[in-house]
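Have a look at the structure below before the remarks.
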Amino acid sequence: MLTTGEMIDKLKVGEIAENERGYKVVVNELGGIGCIENPMNSSNLNGIFVSSAWEILPNYVSFEEAMNALKDGKIIRCRLGDNEFEYQMTNGRVNNYKSKPSDKEPVHWYHIWDQITDGKWSIGDNA
């Protein structure tokens with residue numbers, strides 16, 4: 001989770017961040033931050049944002065787009081339930097491991113089918 005200041009520094013144009021209360025913000029093309037989801041319909045958002053913990057939401061892509069990014073040398077991630085799997089191409093081989101909730105546990109072949117059919121794929125640093 002990020003502080004409000006860290007979220008503002010890291011959030012890129014078009015990305016969405018969500019705090020623990022369900023508020024979502026986005027950065028527009030001019031660099032301004034706007035609230036796109038306000039669950040309490042609050043008109044004064046300053047107090048809500050200052051003390052919040054934030055997560056930048058992944059930009060999910062299709063499995064095919066993720067595989068193309070992997071071939072291009074990018075790190076890809078698959079979120080499936082509470083688990084997150086990470087893949088990277090090194091010397092022509094795909095290296096993979098779980099990055100959540102267990103620490104760097106190897107991925108077994110039987111996880112792959114569930115990831116392909118039900119996983120949410122993302123690319124790169126904020127994947």
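Residues in the structure tokens are named by chain (A, B, ... in the order shown) and by number from 1 within that chain; ligands are numbered from 1 in the order shown.
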- request: Would you kindly return, as a ChimeraX atom specification, each protein, DNA or RNA residue with an atom no farther than 12 Å from any atom of stretch 70-73 of chain A, considering only C-alpha atoms and excluding same-chain residues fewer than 6 positions away?
  value: /A:63-64,86-96,121-124
Write out as a ChimeraX atom specification the residues lying within 9 Å of stretch 2-19 of chain A, counting only C-alpha atoms and excluding same-chain residues fewer than 4 positions away. /A:23-33,36-37,49-59
| Where does DSSP see strand (DSSP E or B) in stretch 25-94 of chain A, if you list the residues as a list of chain:residue names? | A:Val25, A:Val26, A:Val27, A:Ile33, A:Gly34, A:Cys35, A:Ile36, A:Glu37, A:Trp54, A:Glu55, A:Ile56, A:Val61, A:Ile76, A:Arg77, A:Cys78, A:Arg79, A:Leu80, A:Asn83, A:Glu84, A:Phe85, A:Glu86, A:Tyr87, A:Gln88, A:Met89, A:Thr90, A:Arg93, A:Val94
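All residues in stretch 14-79 of chain A with a DSSP state of helix (DSSP H, G or I), computed from the backbone, read Asn46, Gly47, Ile48, Phe49, Val50, Phe63, Glu64, Glu65, Ala66, Met67, Asn68, Ala69, Leu70 and Lys71 of chain A.
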